[in-house]
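Data file: upload24.cif. Format and content: mmCIF, C-alpha atoms.
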```cif
data_model
#
loop_
_atom_site.label_atom_id
_atom_site.label_comp_id
_atom_site.auth_asym_id
_atom_site.auth_seq_id
_atom_site.Cartn_x
_atom_site.Cartn_y
_atom_site.Cartn_z
CA MET K 2 89.31 -22.52 -80.17
CA ALA K 3 89.23 -23.41 -83.85
CA LEU K 4 87.79 -26.80 -84.55
CA TYR K 5 88.64 -29.24 -87.33
CA PRO K 6 86.92 -32.46 -86.26
CA THR K 7 87.73 -35.89 -87.57
CA TYR K 8 84.80 -37.41 -89.43
CA PRO K 9 82.60 -39.29 -89.23
CA LEU K 10 81.29 -38.72 -85.72
CA GLU K 11 79.80 -42.00 -84.58
CA THR K 12 76.99 -42.52 -82.13
CA GLU K 13 75.20 -45.70 -81.15
CA ARG K 14 72.95 -45.81 -84.20
CA LEU K 15 74.12 -42.90 -86.35
CA ARG K 16 76.99 -41.57 -88.38
CA LEU K 17 77.41 -37.80 -88.71
CA ARG K 18 79.54 -36.89 -91.68
CA PRO K 19 80.13 -34.03 -94.12
CA PHE K 20 77.74 -33.69 -97.05
CA THR K 21 78.69 -34.96 -100.47
CA ARG K 22 77.35 -34.23 -103.94
CA GLY K 23 75.38 -37.46 -103.89
CA ASP K 24 73.14 -36.23 -101.06
CA VAL K 25 70.89 -33.93 -103.10
CA ASP K 26 67.97 -36.33 -103.50
CA ALA K 27 68.00 -37.34 -99.85
CA VAL K 28 68.03 -33.68 -98.78
CA PHE K 29 65.27 -32.87 -101.25
CA ALA K 30 63.16 -35.66 -99.74
CA TYR K 31 62.80 -33.72 -96.49
CA ARG K 32 63.43 -30.10 -97.48
CA GLN K 33 60.64 -30.13 -100.09
CA ARG K 34 58.07 -30.91 -97.41
CA GLU K 35 55.69 -28.29 -96.11
CA ASP K 36 55.69 -29.86 -92.64
CA VAL K 37 59.48 -29.53 -92.48
CA ALA K 38 59.65 -25.99 -93.85
CA ARG K 39 56.94 -24.78 -91.51
CA PHE K 40 59.38 -24.25 -88.65
CA LEU K 41 62.41 -23.23 -90.70
CA PHE K 42 63.33 -19.80 -91.99
CA ASP K 43 63.10 -21.13 -95.57
CA SER K 44 60.06 -22.15 -97.57
CA PRO K 45 60.04 -25.68 -99.03
CA LEU K 46 63.04 -26.02 -101.35
CA SER K 47 63.10 -27.06 -104.98
CA ARG K 48 65.57 -29.70 -106.10
CA GLU K 49 67.81 -26.97 -107.58
CA GLU K 50 67.81 -25.13 -104.27
CA CYS K 51 68.69 -28.36 -102.49
CA ALA K 52 71.58 -28.88 -104.89
CA LEU K 53 72.84 -25.41 -104.00
CA ALA K 54 72.34 -26.04 -100.30
CA VAL K 55 74.30 -29.30 -100.51
CA GLN K 56 77.04 -27.56 -102.50
CA GLN K 57 77.32 -25.04 -99.67
CA ARG K 58 77.27 -27.67 -96.92
CA ILE K 59 80.09 -29.68 -98.46
CA ALA K 60 82.50 -26.96 -97.32
CA GLN K 61 80.90 -26.42 -93.90
CA THR K 62 82.98 -28.85 -91.88
CA SER K 63 85.06 -26.74 -89.49
CA LEU K 64 85.03 -23.69 -87.24
CA SER K 65 87.90 -21.30 -87.76
CA GLU K 66 86.27 -17.93 -87.20
CA GLU K 67 83.16 -16.33 -85.76
CA GLY K 68 80.02 -17.14 -87.73
CA ASP K 69 81.42 -20.38 -89.16
CA LYS K 70 79.04 -23.28 -89.31
CA ILE K 71 79.48 -27.04 -89.31
CA VAL K 72 76.64 -28.84 -91.04
CA LEU K 73 76.66 -32.62 -91.08
CA GLY K 74 74.48 -35.21 -92.71
CA VAL K 75 72.90 -37.67 -90.30
CA GLU K 76 72.87 -41.21 -91.64
CA LEU K 77 71.74 -44.48 -90.13
CA ALA K 78 74.81 -46.52 -89.24
CA ASP K 79 73.10 -49.75 -90.39
CA THR K 80 71.87 -48.75 -93.82
CA GLY K 81 73.76 -45.56 -94.65
CA GLU K 82 70.46 -43.84 -95.36
CA LEU K 83 70.58 -40.02 -94.94
CA ILE K 84 67.76 -39.01 -92.58
CA GLY K 85 68.56 -35.37 -91.81
CA GLU K 86 71.17 -32.83 -90.81
CA VAL K 87 72.63 -31.22 -87.70
CA SER K 88 74.55 -27.99 -87.33
CA LEU K 89 76.81 -26.11 -84.96
CA ILE K 90 77.40 -22.38 -85.44
CA TRP K 91 80.19 -20.43 -83.73
CA ARG K 92 78.19 -17.40 -82.60
CA SER K 93 80.82 -15.60 -80.57
CA VAL K 94 84.54 -16.19 -80.28
CA GLU K 95 85.03 -13.73 -77.42
CA HIS K 96 82.16 -15.11 -75.36
CA GLN K 97 82.61 -18.77 -76.45
CA GLN K 98 79.01 -19.08 -77.58
CA GLY K 99 77.53 -21.53 -80.07
CA GLU K 100 74.20 -22.59 -81.51
CA VAL K 101 73.04 -26.04 -82.49
CA GLY K 102 70.23 -26.96 -84.86
CA TRP K 103 68.75 -30.02 -86.52
CA ILE K 104 66.35 -31.08 -89.25
CA LEU K 105 65.14 -34.66 -89.50
CA HIS K 106 62.98 -36.34 -92.10
CA PRO K 107 59.54 -36.73 -90.45
CA SER K 108 59.54 -40.48 -91.16
CA PHE K 109 62.35 -40.77 -88.62
CA HIS K 110 60.85 -38.61 -85.89
CA GLY K 111 60.00 -40.06 -82.50
CA GLN K 112 62.79 -42.62 -82.35
CA GLY K 113 65.40 -40.64 -80.47
CA TYR K 114 67.58 -40.00 -83.52
CA GLY K 115 67.35 -36.23 -83.05
CA THR K 116 68.46 -36.47 -79.42
CA GLU K 117 71.30 -38.79 -80.38
CA ALA K 118 72.56 -36.54 -83.18
CA ALA K 119 72.15 -33.32 -81.18
CA SER K 120 74.01 -34.87 -78.22
CA ALA K 121 76.95 -35.58 -80.50
CA MET K 122 76.93 -31.93 -81.58
CA LEU K 123 76.89 -30.73 -77.95
CA ASP K 124 79.84 -33.04 -77.27
CA LEU K 125 81.62 -31.46 -80.20
CA ALA K 126 80.78 -27.95 -78.95
CA PHE K 127 81.75 -28.46 -75.33
CA ARG K 128 84.42 -31.15 -75.31
CA GLN K 129 86.22 -30.30 -78.54
CA ALA K 130 85.49 -26.64 -79.33
CA ASP K 131 85.53 -25.70 -75.62
CA LEU K 132 82.50 -23.44 -75.94
CA HIS K 133 81.02 -21.99 -72.76
CA ARG K 134 77.35 -21.93 -73.69
CA VAL K 135 75.29 -23.31 -76.54
CA ILE K 136 71.79 -22.25 -77.51
CA ALA K 137 69.10 -23.77 -79.66
CA ARG K 138 65.96 -22.02 -80.80
CA CYS K 139 62.62 -22.89 -82.25
CA ALA K 140 59.14 -21.55 -82.87
CA ALA K 141 57.01 -21.72 -79.73
CA GLU K 142 54.52 -24.03 -81.46
CA ASN K 143 57.22 -26.53 -82.43
CA ALA K 144 56.73 -28.81 -79.43
CA PRO K 145 58.77 -31.78 -80.72
CA SER K 146 61.76 -29.49 -81.12
CA PHE K 147 61.68 -27.87 -77.68
CA HIS K 148 60.91 -31.21 -76.05
CA LEU K 149 64.12 -32.44 -77.63
CA MET K 150 65.95 -29.43 -76.17
CA GLU K 151 64.54 -30.28 -72.76
CA ARG K 152 65.63 -33.91 -73.11
CA LEU K 153 69.13 -32.62 -73.82
CA GLY K 154 69.02 -30.84 -70.47
CA MET K 155 68.71 -27.40 -72.00
CA ARG K 156 66.92 -24.65 -70.11
CA ARG K 157 64.34 -22.31 -71.62
CA GLU K 158 65.96 -18.91 -71.33
CA ALA K 159 63.77 -16.83 -73.61
CA HIS K 160 60.22 -16.68 -74.81
CA PHE K 161 59.97 -13.81 -77.25
CA ARG K 162 56.61 -12.63 -78.48
CA GLU K 163 56.33 -10.69 -81.72
CA HIS K 164 59.98 -9.70 -81.77
CA ALA K 165 60.26 -10.33 -85.50
CA ILE K 166 58.18 -11.08 -88.57
CA SER K 167 58.68 -14.52 -90.04
CA LYS K 168 57.09 -15.38 -93.38
CA GLY K 169 54.62 -12.53 -93.04
CA ALA K 170 53.42 -13.33 -89.52
CA TRP K 171 54.48 -12.30 -86.03
CA ASP K 172 56.78 -14.87 -84.51
CA GLU K 173 56.88 -16.43 -81.11
CA GLU K 174 60.26 -17.91 -80.34
CA PHE K 175 61.89 -19.98 -77.63
CA ILE K 176 65.60 -19.92 -76.93
CA TYR K 177 67.06 -22.76 -74.91
CA ALA K 178 70.58 -22.89 -73.56
CA ILE K 179 73.02 -25.09 -71.71
CA LEU K 180 76.41 -24.30 -70.18
CA GLN K 181 79.56 -26.32 -70.65
CA ARG K 182 79.73 -27.30 -66.97
CA GLU K 183 76.12 -28.48 -67.10
CA TRP K 184 76.72 -30.68 -70.15
CA VAL K 185 80.08 -32.05 -69.16
CA GLY K 186 78.87 -32.51 -65.60
CA CYS K 187 75.85 -34.60 -66.45
CA THR K 188 76.77 -36.10 -69.83
CA GLY K 189 73.84 -36.55 -72.06
CA PRO K 190 70.11 -36.22 -71.93
CA SER K 191 68.77 -35.41 -68.48
CA GLU K 192 66.24 -33.49 -66.45
CA ALA K 193 66.00 -29.83 -67.39
CA THR K 194 67.45 -27.55 -64.74
CA SER K 195 65.33 -24.88 -63.09
CA SER K 196 63.95 -22.20 -65.33
CA ILE K 197 61.85 -19.19 -64.55
CA PHE K 198 59.62 -20.11 -67.46
CA ASN K 199 58.67 -23.58 -66.33
CA MET U 23 59.81 9.36 -88.93
CA SER U 24 59.82 13.09 -88.30
CA SER U 25 61.17 14.48 -85.07
CA PRO U 26 58.68 14.48 -82.27
CA SER U 27 57.20 17.48 -80.61
CA LEU U 28 59.83 17.96 -77.97
CA PRO U 29 60.25 18.62 -75.15
CA LEU U 30 57.92 16.17 -73.48
CA GLN U 31 56.25 17.29 -70.28
CA THR U 32 55.55 14.91 -67.42
CA ASP U 33 54.16 15.74 -63.98
CA ARG U 34 57.50 16.59 -62.47
CA MET U 35 59.90 16.75 -65.40
CA MET U 36 60.65 18.06 -68.81
CA LEU U 37 62.29 15.57 -71.18
CA ARG U 38 64.45 17.26 -73.79
CA THR U 39 67.52 16.53 -75.88
CA PHE U 40 70.90 17.11 -74.25
CA GLU U 41 72.67 20.48 -74.32
CA ARG U 42 76.30 21.47 -73.86
CA ALA U 43 75.47 23.05 -70.51
CA ASP U 44 74.38 19.68 -69.08
CA LEU U 45 77.97 18.53 -68.56
CA ALA U 46 78.15 19.06 -64.79
CA ASP U 47 74.80 17.38 -64.09
CA LEU U 48 75.64 14.49 -66.40
CA THR U 49 79.08 14.03 -64.83
CA ALA U 50 77.47 13.85 -61.39
CA TYR U 51 76.01 10.44 -62.26
CA HIS U 52 77.70 9.24 -65.46
CA ALA U 53 81.17 9.07 -63.91
CA LEU U 54 80.06 7.14 -60.82
CA PRO U 55 81.77 3.75 -60.49
CA SER U 56 78.38 2.15 -59.79
CA MET U 57 77.12 3.50 -63.13
CA GLN U 58 80.04 2.20 -65.21
CA ARG U 59 78.54 -1.22 -65.33
CA TYR U 60 75.50 -0.01 -67.21
CA VAL U 61 76.63 2.81 -69.51
CA PHE U 62 77.72 2.41 -73.13
CA SER U 63 81.00 4.29 -72.86
CA ARG U 64 83.28 4.04 -69.84
CA THR U 65 83.69 7.49 -68.30
CA ARG U 66 86.04 8.20 -65.43
CA ASP U 67 86.22 11.98 -65.42
CA GLU U 68 84.61 15.09 -66.83
CA ALA U 69 86.65 14.89 -70.05
CA ASP U 70 85.33 11.38 -70.75
CA VAL U 71 81.82 12.50 -69.90
CA ALA U 72 82.19 15.46 -72.28
CA ASP U 73 82.80 12.95 -75.10
CA ALA U 74 79.80 10.92 -74.01
CA LEU U 75 77.72 14.11 -73.91
CA ASN U 76 78.69 14.87 -77.51
CA VAL U 77 77.35 11.48 -78.52
CA LEU U 78 74.15 11.95 -76.52
CA ARG U 79 73.63 15.42 -78.04
CA GLY U 80 73.55 13.76 -81.44
CA HIS U 81 70.64 11.52 -80.45
CA VAL U 82 67.97 13.97 -81.55
CA SER U 83 65.56 12.03 -83.75
CA LEU U 84 64.64 8.69 -85.26
CA GLN U 85 65.04 9.00 -89.02
CA ARG U 86 66.03 5.44 -89.86
CA PRO U 87 66.48 2.10 -88.12
CA GLY U 88 69.53 2.21 -85.90
CA ASP U 89 68.90 5.80 -84.80
CA THR U 90 68.62 6.69 -81.14
CA LEU U 91 66.69 9.45 -79.43
CA THR U 92 68.06 10.38 -76.00
CA LEU U 93 66.21 12.70 -73.66
CA ALA U 94 67.58 14.31 -70.52
CA MET U 95 65.28 14.14 -67.52
CA VAL U 96 65.10 17.74 -66.32
CA ARG U 97 63.40 18.35 -63.01
CA LYS U 98 60.88 21.17 -63.08
CA GLY U 99 61.75 23.88 -60.58
CA ASP U 100 65.51 23.53 -60.20
CA LYS U 101 66.06 22.50 -63.88
CA LYS U 102 68.51 19.85 -62.77
CA VAL U 103 69.30 16.93 -65.11
CA ILE U 104 68.77 13.86 -62.94
CA GLY U 105 69.06 11.14 -65.58
CA HIS U 106 68.29 10.27 -69.15
CA VAL U 107 66.25 7.87 -71.20
CA SER U 108 66.94 6.61 -74.75
CA LEU U 109 64.91 4.96 -77.45
CA ASN U 110 66.78 3.02 -80.12
CA TRP U 111 64.78 2.18 -83.23
CA GLN U 112 66.04 -1.26 -84.19
CA ASP U 113 63.95 -2.58 -86.99
CA ALA U 114 61.44 -0.90 -89.28
CA THR U 115 59.61 -3.95 -90.60
CA SER U 116 58.90 -5.50 -87.25
CA GLY U 117 58.80 -2.21 -85.33
CA GLN U 118 61.21 -3.05 -82.54
CA GLY U 119 62.59 -0.47 -80.14
CA GLU U 120 64.98 -0.73 -77.21
CA VAL U 121 64.71 1.64 -74.29
CA ARG U 122 67.65 2.34 -71.99
CA PHE U 123 67.89 4.66 -69.03
CA CYS U 124 70.20 6.00 -66.33
CA ILE U 125 69.27 7.88 -63.20
CA ASN U 126 71.43 9.73 -60.72
CA PRO U 127 71.31 7.48 -57.61
CA SER U 128 70.66 10.57 -55.43
CA PHE U 129 67.27 10.83 -57.12
CA SER U 130 66.32 7.19 -57.44
CA GLY U 131 63.45 5.64 -55.55
CA GLN U 132 61.17 8.62 -56.09
CA GLY U 133 59.43 7.45 -59.23
CA TYR U 134 61.31 9.67 -61.65
CA ALA U 135 62.53 6.77 -63.79
CA ALA U 136 59.02 5.32 -64.04
CA GLU U 137 57.68 8.73 -65.02
CA ALA U 138 60.31 9.20 -67.73
CA LEU U 139 60.01 5.66 -69.10
CA SER U 140 56.26 5.98 -69.22
CA ALA U 141 56.55 9.15 -71.31
CA MET U 142 59.12 7.44 -73.54
CA PHE U 143 56.81 4.46 -74.07
CA ASP U 144 53.98 6.82 -75.01
CA LEU U 145 56.28 8.43 -77.55
CA ALA U 146 57.49 5.08 -78.90
CA PHE U 147 54.04 3.60 -79.38
CA GLU U 148 51.98 6.66 -80.28
CA ARG U 149 54.39 8.86 -82.16
CA PHE U 150 56.80 6.34 -83.67
CA HIS U 151 54.36 3.44 -84.02
CA ILE U 152 56.79 0.98 -82.50
CA HIS U 153 55.25 -2.49 -82.14
CA ARG U 154 57.34 -3.84 -79.27
CA VAL U 155 59.56 -2.10 -76.78
CA PHE U 156 62.13 -4.02 -74.81
CA VAL U 157 64.49 -3.18 -71.98
CA ARG U 158 67.53 -5.21 -71.00
CA CYS U 159 68.94 -5.27 -67.53
CA ASP U 160 71.46 -7.03 -65.37
CA GLY U 161 70.05 -9.96 -63.44
CA ARG U 162 71.28 -8.44 -60.18
CA ASN U 163 69.79 -5.02 -60.75
CA HIS U 164 66.76 -5.44 -58.52
CA ASN U 165 65.63 -1.83 -58.75
CA SER U 166 65.39 -2.07 -62.53
CA ILE U 167 63.58 -5.39 -62.32
CA LYS U 168 60.96 -3.95 -59.98
CA LEU U 169 60.57 -0.93 -62.22
CA MET U 170 59.97 -3.06 -65.34
CA GLN U 171 57.36 -5.08 -63.50
CA LYS U 172 55.68 -1.91 -62.27
CA LEU U 173 55.45 -0.70 -65.87
CA GLY U 174 53.66 -3.92 -66.80
CA MET U 175 56.49 -5.37 -68.84
CA ARG U 176 56.84 -9.10 -69.29
CA LEU U 177 60.04 -11.01 -68.55
CA GLU U 178 60.85 -12.59 -71.91
CA ALA U 179 64.42 -13.71 -71.46
CA HIS U 180 66.81 -14.66 -68.72
CA TYR U 181 70.19 -15.39 -70.26
CA ARG U 182 72.84 -16.98 -68.09
CA GLU U 183 76.47 -16.44 -69.03
CA HIS U 184 75.76 -15.48 -72.60
CA ALA U 185 78.59 -12.95 -72.59
CA LEU U 186 81.66 -11.97 -70.65
CA PHE U 187 80.97 -8.55 -69.25
CA GLN U 188 83.90 -6.66 -67.78
CA GLY U 189 85.62 -9.94 -67.02
CA GLU U 190 82.66 -11.73 -65.47
CA TRP U 191 79.99 -13.98 -66.92
CA ASP U 192 76.80 -11.99 -67.12
CA GLU U 193 73.20 -12.63 -66.34
CA GLU U 194 70.89 -10.62 -68.56
CA LEU U 195 67.15 -10.11 -68.46
CA HIS U 196 64.90 -8.88 -71.25
CA PHE U 197 61.58 -7.28 -70.49
CA ALA U 198 59.14 -6.42 -73.25
CA ILE U 199 55.76 -4.89 -73.89
CA LEU U 200 53.66 -4.71 -77.06
CA ASP U 201 51.83 -1.66 -78.34
CA ARG U 202 48.44 -3.18 -77.63
CA GLU U 203 49.46 -4.01 -74.07
CA TRP U 204 50.70 -0.55 -73.14
CA LYS U 205 48.03 1.43 -71.30
CA ARG U 206 45.44 -1.00 -72.47
CA SER U 207 42.74 0.49 -70.25
CA SER U 208 42.92 3.78 -72.13
CA LYS U 209 42.65 2.02 -75.50
CA VAL U 210 39.64 -0.14 -74.78
CA LYS U 211 36.82 2.33 -75.02
CA ASP U 212 33.19 1.49 -74.35
CA LEU U 213 30.85 2.18 -77.21
CA PRO U 214 28.63 5.20 -76.58
CA ILE U 215 25.23 4.36 -75.23
CA ARG U 216 22.66 4.73 -77.97
CA GLN U 217 19.35 6.21 -77.17
CA ARG U 218 16.47 4.02 -78.20
CA VAL U 219 14.99 5.44 -81.32
CA ALA U 220 12.13 3.04 -81.79
#
```

How does the structure come out when it is put into structure tokens?
Amino acid sequence: MALYPTYPLETERLRLRPFTRGDVDAVFAYRQREDVARFLFDSPLSREECALAVQQRIAQTSLSEEGDKIVLGVELADTGELIGEVSLIWRSVEHQQGEVGWILHPSFHGQGYGTEAASAMLDLAFRQADLHRVIARCAAENAPSFHLMERLGMRREAHFREHAISKGAWDEEFIYAILQREWVGCTGPSEATSSIFN
Amino acid sequence: MSSPSLPLQTDRMMLRTFERADLADLTAYHALPSMQRYVFSRTRDEADVADALNVLRGHVSLQRPGDTLTLAMVRKGDKKVIGHVSLNWQDATSGQGEVRFCINPSFSGQGYAAEALSAMFDLAFERFHIHRVFVRCDGRNHNSIKLMQKLGMRLEAHYREHALFQGEWDEELHFAILDREWKRSSKVKDLPIRQRVA
């Protein structure tokens, strides 16, 4: 089902809204960092690359066909400060599959903002886009990220070893997933369901 | 990658590329309703299987990523084709290969599949220098699961409902093994004992 959400999406402490041209510096503040780039496919970005990335994101606000991506800026509702981004990709139309992702400025880690923003994206995926299953993935050494996935109630469904080369080294990747009936049934962060890997 | 020195010989079989004359033996298992769940192309009768055989006959070597090598499992003695095993070269940089196989149910449970897969793994790792071989199977296919475990493969993924398969939500397992893990005992060689010279 195509999805043209109404923005902003509001959560208790956050506002998720499309990017604008004024966001370049705020994006640069986290995307230039080595500790942020470490677990992303990209290397740290220059300001020019951030400007390009923002330019691209401005148009990424809806899902109308397979492969489309919604990328939203995450800002603090109180101050309007941009602290990161969240995304939802429509991976398969036929199989109703999606993927969520997030990047937060490290200064705002550990306060539940990631869980809050990602929950809003799962709501979007399951309640509005009517997806059947949503995955999230991360490097196996990125504990904060997969702990977040577990808090969301996602289940570890894959642990790939050396199935690709990332930045010149063998990767180790986790894929987590949650089904629509699991998300809608429990609403929000919860205990992870049984997984063969736990 | 040049074509391997085929056919391969195992204890009880010869593994060679498919020939036109294999149609009857291939039809005996390829057209079975129980097999339709696992084969690439749906085949209901000999005419359908003839088309599938044409495709399989083209799987003769791995020249570039994407290529598939398919070998018929020919029993020594009666020269009967009792199944086949394929190696698909997926990625050159990271050396990934997927192995698939089918066996005529009349001949299952006698170790033929393990024998053929073992020879195919040898070929993948030694001849084609594949880094990681993986096999996918249906979560309900207990015979395949036991076979993967017997071969020393690791369960790396257990996807639930990640695709609609013939009208039903699937359950898919991925098993994998790395080059250094395959037949490790034969690769770890003791250093020769040196005679004391002084």

Could you list, with a cut-off of 7 Å and counting all atoms listed in the file, the residues of chain U near chain K, each shown with its nearest atom pair and the distance in Å rounded to one decimal, rows sorted by chain and ascending number, as a tab-separated table?
```
residue	atom	partner	partner_atom	distance
U:Ser116	CA	K:Ala165	CA	5.3
U:Gln118	CA	K:His164	CA	6.8
U:Arg154	CA	K:His164	CA	6.9
U:Glu178	CA	K:His160	CA	5.1
U:Ala179	CA	K:Ala159	CA	3.8
U:His180	CA	K:Glu158	CA	5.1
U:Tyr181	CA	K:Glu158	CA	5.6
U:His184	CA	K:Arg134	CA	6.7
U:Ala185	CA	K:His96	CA	5.0
U:Leu186	CA	K:His96	CA	5.7
```

The PyMOL selection byres ((chain K and resi 32-38) around 8) resolved against shown file, as an mmCIF file with C-alpha atoms, in the frame of the given file:
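The resulting file, expr_6.cif, is reproduced below:
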```
data_model
loop_
_atom_site.group_PDB
_atom_site.id
_atom_site.type_symbol
_atom_site.label_atom_id
_atom_site.label_comp_id
_atom_site.auth_asym_id
_atom_site.auth_seq_id
_atom_site.Cartn_x
_atom_site.Cartn_y
_atom_site.Cartn_z
ATOM 1 C CA VAL K 28 68.030 -33.680 -98.780
ATOM 2 C CA PHE K 29 65.270 -32.870 -101.250
ATOM 3 C CA ALA K 30 63.160 -35.660 -99.740
ATOM 4 C CA TYR K 31 62.800 -33.720 -96.490
ATOM 5 C CA ARG K 39 56.940 -24.780 -91.510
ATOM 6 C CA PHE K 40 59.380 -24.250 -88.650
ATOM 7 C CA LEU K 41 62.410 -23.230 -90.700
ATOM 8 C CA PHE K 42 63.330 -19.800 -91.990
ATOM 9 C CA ASP K 43 63.100 -21.130 -95.570
ATOM 10 C CA SER K 44 60.060 -22.150 -97.570
ATOM 11 C CA PRO K 45 60.040 -25.680 -99.030
ATOM 12 C CA LEU K 46 63.040 -26.020 -101.350
ATOM 13 C CA SER K 47 63.100 -27.060 -104.980
ATOM 14 C CA ARG K 48 65.570 -29.700 -106.100
ATOM 15 C CA CYS K 51 68.690 -28.360 -102.490
ATOM 16 C CA ILE K 104 66.350 -31.080 -89.250
ATOM 17 C CA HIS K 106 62.980 -36.340 -92.100
ATOM 18 C CA PRO K 107 59.540 -36.730 -90.450
#
```

(request) Please identify all polymer residues within 9 Å of U:Val71, counting all atoms listed in the file, omitting same-chain residues fewer than 6 positions from it, and present them as an MDAnalysis selection string. (result) chainID U and resid 45 48:49 52:53 63:65

(request) List every protein, DNA or RNA residue that has at least one atom no more than 12 Å from (59.0, -0.2, -56.3) in the file's coordinates, counting only C-alpha atoms, and write the result as an NGL selection string. (result) :U and (130-136 or 164-173)

Only C-alpha atoms, please: the residues just picked out, written as a PDB file, keeping the file's coordinate frame.
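And here is the file that came out, selection_20.pdb:
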```pdb
ATOM      1  CA  SER U 130      66.320   7.190 -57.440  1.00  0.00           C
ATOM      2  CA  GLY U 131      63.450   5.640 -55.550  1.00  0.00           C
ATOM      3  CA  GLN U 132      61.170   8.620 -56.090  1.00  0.00           C
ATOM      4  CA  GLY U 133      59.430   7.450 -59.230  1.00  0.00           C
ATOM      5  CA  TYR U 134      61.310   9.670 -61.650  1.00  0.00           C
ATOM      6  CA  ALA U 135      62.530   6.770 -63.790  1.00  0.00           C
ATOM      7  CA  ALA U 136      59.020   5.320 -64.040  1.00  0.00           C
ATOM      8  CA  HIS U 164      66.760  -5.440 -58.520  1.00  0.00           C
ATOM      9  CA  ASN U 165      65.630  -1.830 -58.750  1.00  0.00           C
ATOM     10  CA  SER U 166      65.390  -2.070 -62.530  1.00  0.00           C
ATOM     11  CA  ILE U 167      63.580  -5.390 -62.320  1.00  0.00           C
ATOM     12  CA  LYS U 168      60.960  -3.950 -59.980  1.00  0.00           C
ATOM     13  CA  LEU U 169      60.570  -0.930 -62.220  1.00  0.00           C
ATOM     14  CA  MET U 170      59.970  -3.060 -65.340  1.00  0.00           C
ATOM     15  CA  GLN U 171      57.360  -5.080 -63.500  1.00  0.00           C
ATOM     16  CA  LYS U 172      55.680  -1.910 -62.270  1.00  0.00           C
ATOM     17  CA  LEU U 173      55.450  -0.700 -65.870  1.00  0.00           C
TER      18      LEU U 173
END
```

(request) Could you please determine the separation between atom CA of U:Leu78 and atom CA of U:Met57 in Å, to one decimal place? (result) 16.1 Å

(request) Excluding stretch 8-19 of chain K and any residue of its chain fewer than 3 positions from it, enumerate the residues within 6 Å of it, using all atoms listed in the file, and give them as a PyMOL selection string. (result) chain K and resi 73-78

(message) Evaluate the PyMOL selection byres ((chain K and resi 59) around 10) against this structure - the residues, as a PyMOL selection string, please.
(response) chain K and resi 18-22+24+54-58+60-62+71-74

Output the selection as a PDB file, in the coordinates of the input - C-alpha atoms for each residue.
```pdb
ATOM      1  CA  ARG K  18      79.540 -36.890 -91.680  1.00  0.00           C
ATOM      2  CA  PRO K  19      80.130 -34.030 -94.120  1.00  0.00           C
ATOM      3  CA  PHE K  20      77.740 -33.690 -97.050  1.00  0.00           C
ATOM      4  CA  THR K  21      78.690 -34.960-100.470  1.00  0.00           C
ATOM      5  CA  ARG K  22      77.350 -34.230-103.940  1.00  0.00           C
ATOM      6  CA  ASP K  24      73.140 -36.230-101.060  1.00  0.00           C
ATOM      7  CA  ALA K  54      72.340 -26.040-100.300  1.00  0.00           C
ATOM      8  CA  VAL K  55      74.300 -29.300-100.510  1.00  0.00           C
ATOM      9  CA  GLN K  56      77.040 -27.560-102.500  1.00  0.00           C
ATOM     10  CA  GLN K  57      77.320 -25.040 -99.670  1.00  0.00           C
ATOM     11  CA  ARG K  58      77.270 -27.670 -96.920  1.00  0.00           C
ATOM     12  CA  ALA K  60      82.500 -26.960 -97.320  1.00  0.00           C
ATOM     13  CA  GLN K  61      80.900 -26.420 -93.900  1.00  0.00           C
ATOM     14  CA  THR K  62      82.980 -28.850 -91.880  1.00  0.00           C
ATOM     15  CA  ILE K  71      79.480 -27.040 -89.310  1.00  0.00           C
ATOM     16  CA  VAL K  72      76.640 -28.840 -91.040  1.00  0.00           C
ATOM     17  CA  LEU K  73      76.660 -32.620 -91.080  1.00  0.00           C
ATOM     18  CA  GLY K  74      74.480 -35.210 -92.710  1.00  0.00           C
TER      19      GLY K  74
END
```

(request) Report the residues retrieved by the PyMOL selection byres ((chain U and resi 121-123) around 6) from the displayed file, expressed as number ranges by chain. (result) U: 106-109, 120, 124, 157

(request) With a distance cut-off of 10 Å and only C-alpha atoms, select the neighbouring residues of U:Trp111, excluding the residue or stretch itself and same-chain residues fewer than 3 positions from it, and output the selection as an MDAnalysis selection string. (result) chainID U and resid 83:91 108 114 117:121 146 150 152 155

(message) I want to know what sits within 8 Å of K:Thr116, based on only C-alpha atoms, with residues of the same chain fewer than 2 positions away left out; could you give that as a ChimeraX atom specification?
(response) /K:113-114,118-120,149,152-153,190

(request) Take atom CA of U:Val77 and atom CA of U:Thr39 and report the distance between them in Å, one decimal. (result)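 Taking atom CA of U:Val77 and atom CA of U:Thr39, their separation equals 11.4 Å.
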
(request) Would you mind telling me which residue in K:Met150, K:Leu125, K:Leu64, K:Ala144 lies nearest to K:Leu4 when using only C-alpha atoms? (result)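 That would be K:Leu64, the residue with the smallest distance to K:Leu4.
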